[in-house]
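Structure first, then comments.
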There are 4 protein chains.
Amino acid sequence: MRGERKPLRSDMGCSDATNIRVQGLDLMRDIMGKLNLGDFAFLEIQRRLPTPSESVVFNAMLATLVEHGMTPMVIAARLTYLGAPESLQGAVASGLLGMGTTFAGTAEGSARLLQEALSGEGAEVPDDALGSLAESIVRKLRESRQPIPGIGHNLHKPVDPRATRLFELAAQHGLSGRHVRLMQEIAAAAERALDKPGQLPVNATGAIGALSSEMGIPWRLCRGLAVIGRSIGIVGHIAEELRNPIAREVWERTEAECSSHVQW
Amino acid sequence: MRGERKPLRSDMGCSDATNIRVQGLDLMRDIMGKLNLGDFAFLEIQRRLPTPSESVVFNAMLATLVEHGMTPMVIAARLTYLGAPESLQGAVASGLLGMGTTFAGTAEGSARLLQEALSGEGAEVPDDALGSLAESIVRKLRESRQPIPGIGHNLHKPVDPRATRLFELAAQHGLSGRHVRLMQEIAAAAERALDKPGQLPVNATGAIGALSSEMGIPWRLCRGLAVIGRSIGIVGHIAEELRNPIAREVWERTEAECSSHVQW
Amino acid sequence: MRGERKPLRSDMGCSDATNIRVQGLDLMRDIMGKLNLGDFAFLEIQRRLPTPSESVVFNAMLATLVEHGMTPMVIAARLTYLGAPESLQGAVASGLLGMGTTFAGTAEGSARLLQEALSGEGAEVPDDALGSLAESIVRKLRESRQPIPGIGHNLHKPVDPRATRLFELAAQHGLSGRHVRLMQEIAAAAERALDKPGQLPVNATGAIGALSSEMGIPWRLCRGLAVIGRSIGIVGHIAEELRNPIAREVWERTEAECSSHVQW
Amino acid sequence: MRGERKPLRSDMGCSDATNIRVQGLDLMRDIMGKLNLGDFAFLEIQRRLPTPSESVVFNAMLATLVEHGMTPMVIAARLTYLGAPESLQGAVASGLLGMGTTFAGTAEGSARLLQEALSGEGAEVPDDALGSLAESIVRKLRESRQPIPGIGHNLHKPVDPRATRLFELAAQHGLSGRHVRLMQEIAAAAERALDKPGQLPVNATGAIGALSSEMGIPWRLCRGLAVIGRSIGIVGHIAEELRNPIAREVWERTEAECSSHVQW
């Protein structure tokens, strides 16, 4: 081994026989019975308690991510649970793994776009120039043929009602700042650039990306918010699978149809 | 394909262009801005909103499961994140997979024990016979050389302060019923049977198993509560890993020492 | 930190600028171009090269585990790939997680049964007493209401042709010893005890458990053989999914039917 | 449900009571006892048996991917196994999930680069123009500040001996075609462009990307080859962990040092 090694350190939590400390707080006295699960998640990620306003908005953001009906990832989780009911953690893990670029990438993408645009030199952009900043962002993305994250939805039209509600809550709680404003300007600029008026509003993941940015959550962690929400949703689907199983039926139908052309 | 097939049905959630319904509620109106994340988890698992008392106790149960410091599962998650930072969901899944029988099985085990003991004929056992029921349970487990789930802790002695706090909250909120009572009687009976007075109190997972049973949560889902809590904790550890990484150092030290005996 | 720590050591593989050693062999000279993948798997698990006979039989054992058609686990893997095509490793992991007690536990179970029966005192049992040992094993399992691992199959009747072929190969290659004999005696004893003549032959996992035991592979690793085989099969299904996708169709049908009763 | 649905179909495998067909072959007659595991993997991915030459080279490619010593992913798998030894599949899955962009992306990357360069119009490029094609590829990648996949290695210098051996085997077996040639020209062009003579040879993943392309394996599946190899390696590490465990020690050291600064 090399002589020089980086010391390992963590401040997440520790305990002795009678004490348990989490993020500097006393688990029994300061957290249990006082903090709801969303606030605890905020504490874990941000190392401080949320303000009352942040608590409302952060819990609402997570609420948009819990339950999306019969998605590919919950079907996968149910199929995995069918095979390994003794390892519920494996079924949840199996479902979470479907959270990739096809369905779940854009909160991360829009948060990154906003955070990179409004940090460094971007921090100096005056508020009344956010519209032209949005124009330039949209232009550059289109020139490099990249998608514009956080806008439009195939089902929710002309607006995504979750984004509307999130922005409403943020405004009521004083959390509607420059990142929200820029996200909205980007949607408007995209509608003009693509000549699709009223068709590319900010969607739920765009709103979550913007509000995460308002709260100082790094874009690399935005997918983590979705993971937290979906892990709850997947456990909910396993609860329903116990009451009213569908996995075996989905499997048997699929297997039968897939080999229905086989001749022996 | 067979002609007769079981119809597929789910009541978790659904949506059209302007509406999103989750468990029969309107997501934007009834949940966002109103329900905290723990209450939403209760709704997903139990298909109804928690009472105010259940909300306090359920959030406290989940709170005991979020953060346990530098466990094997968070080290695994950090190592996985090192290799695949673009797939945060994979790092969380990797960590969850360590939630097996070694560390996390007993909430499930104690809930199962309590639910099986107090259902069917057990539902008829009068309250003042719970002590002798506990005696008989402990005797049978010892005779078949099975562990007694939900009691004792290698670090937290003479009591597990999380169990103390959970039972206190349950009592304050009218949720301390027969399952809690039986769990406590089992601990007392085990201390007598093994002649270890004051050394085998109910631990955190025993308390969670008992309180889950009070709320009617099936024992098969108790591991799901731990999965929900830990998925939040793992995202928290990834947040810390971004600020102050340790995975590469753990890897390099381990690799170097593991092959330090090799001669070329 | 405690002063005394256990040293960490591994002999799996190591390298410097010009050498790569795996299990004491030179990767480029001794393995690449010489060892097939099944033999390499044997080397990894057993720390020695297989004999030519072991090579044939071990590759045949793995071959029974690669491809089982449209199982729940490959459907789960395909659904996961749909959501996260950029993380193929996640799709394979998702599929592997369905390899639990419902479908894949019995090779482990039968290997454990055989290894425990024929080690310790069991090593002294004379060959002509294996039949009565089998009788006693079946009797004890039935008395404790446990399933008899490794026998019977819902589709392959009256015999499992994979077991037949595995035992044939083992006999041809001198690998048909006491574990194989005991497994066959257990099947015969079970047919007598349950009065199901010709209906409970050794199945594929029973044969794999027996042959693993002949080769000295610990029962705890038998599920690992299945994991190796299935990981190849899952990659094969992802290859087919790229050519002829079915995951989206399975998802859309399931989602539509599951909410077809919803009224807005 | 919509009236029109895409039919589901698969040709991977199917069975009835006495037959099992895989990729159109009879499992017992054509595969078991005849095909080694690497050849079976080729069959699963390519839907045809490999030629004898392809068999040697493909098994050698997989051999480079099995065992890389004490990597982050095998440490993660060992830690997961510590927590859930009853779910070996979870430990393997946990390890596989670390196979992301940090360590394992470049076979995919180089295969994609080569396949895109030599298909379509690129198929018309004469052999003696491959050098200038390589020059132009390197120039474009450098202009867009993208890494050049498949060249250089931090430890194996001045050449990666695995690439040398793979190209040697390919040449001996008539599998050294235009993709191999272009990969080698890219390495040479990169050395000239970056003025690093003898320092950026083709590495193992570059060679695997090139040889996969020679065999017609789509670049999207190249990560699958690594997944197959590593799943074998991870099972091997779990075998060693059973004989000589290190996970608990790694955990306890890490946990102790991480909280050594905490004061109560």
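Chain labels A, B, ... are given in the sequence in which chains occur in the structure tokens; within each chain residues are numbered consecutively from 1, and ligands are likewise numbered from 1 in the order shown.
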Requested in this report: Tell me the residues of chain D close to chain B, meaning within 9 Å using only C-alpha atoms, as a PyMOL selection string.
Outcome: chain D and resi 69-73+75-87+90-91+93-104+247-248+250-252+254-256+258-259
Requested in this report: Name the residues in contact with Ile208 in chain C at a cut-off of 10 Å, using only C-alpha atoms, excluding same-chain residues fewer than 5 positions from it; report them as a list in words.
Outcome: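 Returned residues: Val57, Phe58, Ala60, Met61, Leu62, Thr64, Leu65, Thr106, Ala107, Glu108, Ser110, Ala111, Gly150, Arg162, Ala163, Leu166, Phe167, Val180, Val202, Asn203, Ser213, Glu214, Cys222, Leu225 and Ala226 of chain C.
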Near-Leu37 in chain D list (8 Å; only C-alpha atoms; drop same-chain fewer than 2 positions) as a PDB file with C-alpha atoms, in the first residue's frame:
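Wrote out-v6.pdb, looks like this:
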```
ATOM      1  CA  ASN C  36     -13.578 -21.901 -23.525  1.00  0.00           C
ATOM      2  CA  LEU C  37     -15.886 -19.766 -21.420  1.00  0.00           C
ATOM      3  CA  GLY C  38     -17.382 -22.675 -19.482  1.00  0.00           C
ATOM      4  CA  ASN C  59     -20.469 -26.939 -20.057  1.00  0.00           C
ATOM      5  CA  LEU C  62     -24.466 -24.534 -17.852  1.00  0.00           C
ATOM      6  CA  ALA C  63     -26.108 -25.129 -21.225  1.00  0.00           C
TER       7      ALA C  63
ATOM      8  CA  LEU D  35     -21.354 -26.682 -27.444  1.00  0.00           C
ATOM      9  CA  ASP D  39     -20.293 -20.826 -28.390  1.00  0.00           C
ATOM     10  CA  PHE D  40     -23.739 -20.920 -26.818  1.00  0.00           C
ATOM     11  CA  ALA D  41     -23.430 -17.221 -26.026  1.00  0.00           C
TER      12      ALA D  41
END
```
Requested in this report: Quick one: pick out all alpha helix (DSSP H) residues within range 91-138 of chain B from a backbone DSSP run and write them as a PyMOL selection string.
Outcome: chain B and resi 91-96+106-117+130-138
Selection to disk with N, CA, C and O atoms, as a compact mmCIF listing (two decimals), in the first residue's frame:
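To be explicit, this is the file written out as again-v7.txt:
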```
# COMPACT_ATOMS: atom_id res chain seq x y z
N ALA B 91 -27.06 2.70 -8.79
CA ALA B 91 -26.35 2.76 -7.50
C ALA B 91 -27.32 2.53 -6.35
O ALA B 91 -27.02 1.80 -5.41
N VAL B 92 -28.51 3.13 -6.43
CA VAL B 92 -29.49 2.92 -5.37
C VAL B 92 -29.93 1.46 -5.36
O VAL B 92 -29.99 0.81 -4.31
N ALA B 93 -30.20 0.91 -6.54
CA ALA B 93 -30.61 -0.50 -6.63
C ALA B 93 -29.53 -1.39 -6.03
O ALA B 93 -29.80 -2.32 -5.26
N SER B 94 -28.29 -1.12 -6.38
CA SER B 94 -27.17 -1.92 -5.88
C SER B 94 -27.15 -1.92 -4.35
O SER B 94 -26.96 -2.95 -3.72
N GLY B 95 -27.35 -0.75 -3.75
CA GLY B 95 -27.37 -0.69 -2.29
C GLY B 95 -28.55 -1.43 -1.69
O GLY B 95 -28.41 -2.17 -0.71
N LEU B 96 -29.73 -1.27 -2.28
CA LEU B 96 -30.92 -1.94 -1.74
C LEU B 96 -30.76 -3.45 -1.72
O LEU B 96 -31.32 -4.13 -0.85
N THR B 106 -35.66 -8.67 10.32
CA THR B 106 -36.46 -8.98 11.50
C THR B 106 -37.78 -8.22 11.62
O THR B 106 -38.67 -8.70 12.32
N ALA B 107 -37.93 -7.06 10.99
CA ALA B 107 -39.24 -6.41 11.05
C ALA B 107 -40.27 -7.33 10.40
O ALA B 107 -41.35 -7.56 10.95
N GLU B 108 -39.91 -7.87 9.25
CA GLU B 108 -40.75 -8.87 8.59
C GLU B 108 -41.00 -10.06 9.51
O GLU B 108 -42.14 -10.51 9.67
N GLY B 109 -39.94 -10.54 10.13
CA GLY B 109 -40.06 -11.72 10.98
C GLY B 109 -40.95 -11.48 12.20
O GLY B 109 -41.82 -12.31 12.53
N SER B 110 -40.77 -10.35 12.85
CA SER B 110 -41.59 -10.12 14.05
C SER B 110 -43.03 -9.82 13.65
O SER B 110 -43.97 -10.27 14.32
N ALA B 111 -43.23 -9.10 12.56
CA ALA B 111 -44.60 -8.85 12.11
C ALA B 111 -45.31 -10.16 11.77
O ALA B 111 -46.48 -10.36 12.13
N ARG B 112 -44.62 -11.04 11.12
CA ARG B 112 -45.21 -12.33 10.77
C ARG B 112 -45.59 -13.12 12.03
O ARG B 112 -46.71 -13.65 12.13
N LEU B 113 -44.66 -13.16 12.96
CA LEU B 113 -44.91 -13.87 14.21
C LEU B 113 -46.15 -13.32 14.91
O LEU B 113 -47.05 -14.07 15.33
N LEU B 114 -46.23 -12.00 15.02
CA LEU B 114 -47.35 -11.37 15.72
C LEU B 114 -48.66 -11.57 14.96
O LEU B 114 -49.70 -11.87 15.55
N GLN B 115 -48.61 -11.39 13.66
CA GLN B 115 -49.85 -11.49 12.88
C GLN B 115 -50.38 -12.92 12.85
O GLN B 115 -51.59 -13.14 12.93
N GLU B 116 -49.46 -13.88 12.76
CA GLU B 116 -49.94 -15.27 12.78
C GLU B 116 -50.46 -15.64 14.17
O GLU B 116 -51.42 -16.39 14.31
N ALA B 117 -49.83 -15.10 15.21
CA ALA B 117 -50.25 -15.44 16.57
C ALA B 117 -51.61 -14.84 16.93
O ALA B 117 -52.36 -15.42 17.71
N LEU B 130 -52.15 -12.83 27.01
CA LEU B 130 -51.07 -12.56 26.06
C LEU B 130 -49.72 -12.96 26.64
O LEU B 130 -48.81 -13.39 25.92
N GLY B 131 -49.58 -12.84 27.95
CA GLY B 131 -48.34 -13.25 28.59
C GLY B 131 -48.07 -14.74 28.41
O GLY B 131 -46.95 -15.13 28.04
N SER B 132 -49.08 -15.55 28.60
CA SER B 132 -48.84 -16.99 28.45
C SER B 132 -48.72 -17.36 26.97
O SER B 132 -47.98 -18.29 26.62
N LEU B 133 -49.40 -16.62 26.10
CA LEU B 133 -49.19 -16.84 24.67
C LEU B 133 -47.72 -16.58 24.31
O LEU B 133 -47.08 -17.34 23.59
N ALA B 134 -47.19 -15.50 24.87
CA ALA B 134 -45.77 -15.17 24.62
C ALA B 134 -44.86 -16.28 25.13
O ALA B 134 -43.90 -16.68 24.45
N GLU B 135 -45.14 -16.77 26.31
CA GLU B 135 -44.33 -17.88 26.87
C GLU B 135 -44.31 -19.05 25.89
O GLU B 135 -43.27 -19.66 25.63
N SER B 136 -45.49 -19.39 25.39
CA SER B 136 -45.58 -20.56 24.52
C SER B 136 -44.87 -20.31 23.19
O SER B 136 -44.24 -21.20 22.61
N ILE B 137 -44.95 -19.08 22.68
CA ILE B 137 -44.25 -18.75 21.43
C ILE B 137 -42.74 -18.90 21.62
O ILE B 137 -42.05 -19.51 20.79
N VAL B 138 -42.24 -18.35 22.70
CA VAL B 138 -40.79 -18.42 22.94
C VAL B 138 -40.35 -19.88 23.10
O VAL B 138 -39.31 -20.29 22.58
```
Query raised in the report: Expressed in Å to a single decimal, how great is the separation between CA of Trp219 in chain C and CA of Gly120 in chain C?
Result: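 Separating CA of Trp219 in chain C from CA of Gly120 in chain C is a distance of 15.4 Å.
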Query raised in the report: At what distance in Å, to one decimal, does CA of Thr164 in chain D lie from CA of Leu49 in chain D?
Result: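 Taking CA of Leu49 in chain D as the start and CA of Thr164 in chain D as the end point, the length is 25.9 Å.
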Report task. Kindly give the distance, in Å, that separates CA of Gln184 in chain C and CA of Glu54 in chain C, rounded to a single decimal. Result ->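 Interatomic distance here is 20.3 Å.
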Query raised in the report: Out of range 20-221 of chain A, which residues get strand (DSSP E) from DSSP, as a PyMOL selection string?
Result: chain A and resi 20-22+25-26
Can I get the selected residues back with N, CA and C atoms, as an mmCIF file, in the first residue's frame?
```
data_model
loop_
_atom_site.group_PDB
_atom_site.id
_atom_site.type_symbol
_atom_site.label_atom_id
_atom_site.label_comp_id
_atom_site.auth_asym_id
_atom_site.auth_seq_id
_atom_site.Cartn_x
_atom_site.Cartn_y
_atom_site.Cartn_z
ATOM 1 N N ILE A 20 -28.290 8.112 18.937
ATOM 2 C CA ILE A 20 -28.225 7.974 17.486
ATOM 3 C C ILE A 20 -28.319 9.366 16.906
ATOM 4 N N ARG A 21 -27.285 9.744 16.188
ATOM 5 C CA ARG A 21 -27.240 11.076 15.624
ATOM 6 C C ARG A 21 -27.331 10.965 14.104
ATOM 7 N N VAL A 22 -28.190 11.737 13.498
ATOM 8 C CA VAL A 22 -28.328 11.774 12.048
ATOM 9 C C VAL A 22 -28.192 13.222 11.590
ATOM 10 N N LEU A 25 -28.412 15.814 14.146
ATOM 11 C CA LEU A 25 -29.616 15.862 14.997
ATOM 12 C C LEU A 25 -29.750 14.568 15.799
ATOM 13 N N ASP A 26 -30.509 14.656 16.881
ATOM 14 C CA ASP A 26 -30.804 13.477 17.697
ATOM 15 C C ASP A 26 -32.013 12.763 17.076
#
```
Requested in this report: Return the single residue from D:Lys140, D:Gly198, D:Lys6, D:Cys14 that is closest to Gln263 in chain A, with distances computed using only C-alpha atoms.
Outcome: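 Using only C-alpha atoms, the shortest distance to Gln263 in chain A belongs to D:Cys14.
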Report task. Measuring atom to atom with only C-alpha atoms, identify which of A:Arg5, A:Arg145, A:His179, A:Arg223 is nearest to Ala123 in chain A. Result -> A:His179
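Contact shell of Gly152 in chain A at 10 Å (only C-alpha atoms; same-chain neighbours under 6 positions omitted): Pro158, Val159, Asp160, Ala187, Ala190, Glu191, Gly198, Gln199, Leu200, Pro201, Val202, Asn203, Ala204, Thr205 and Gly206 of chain A.
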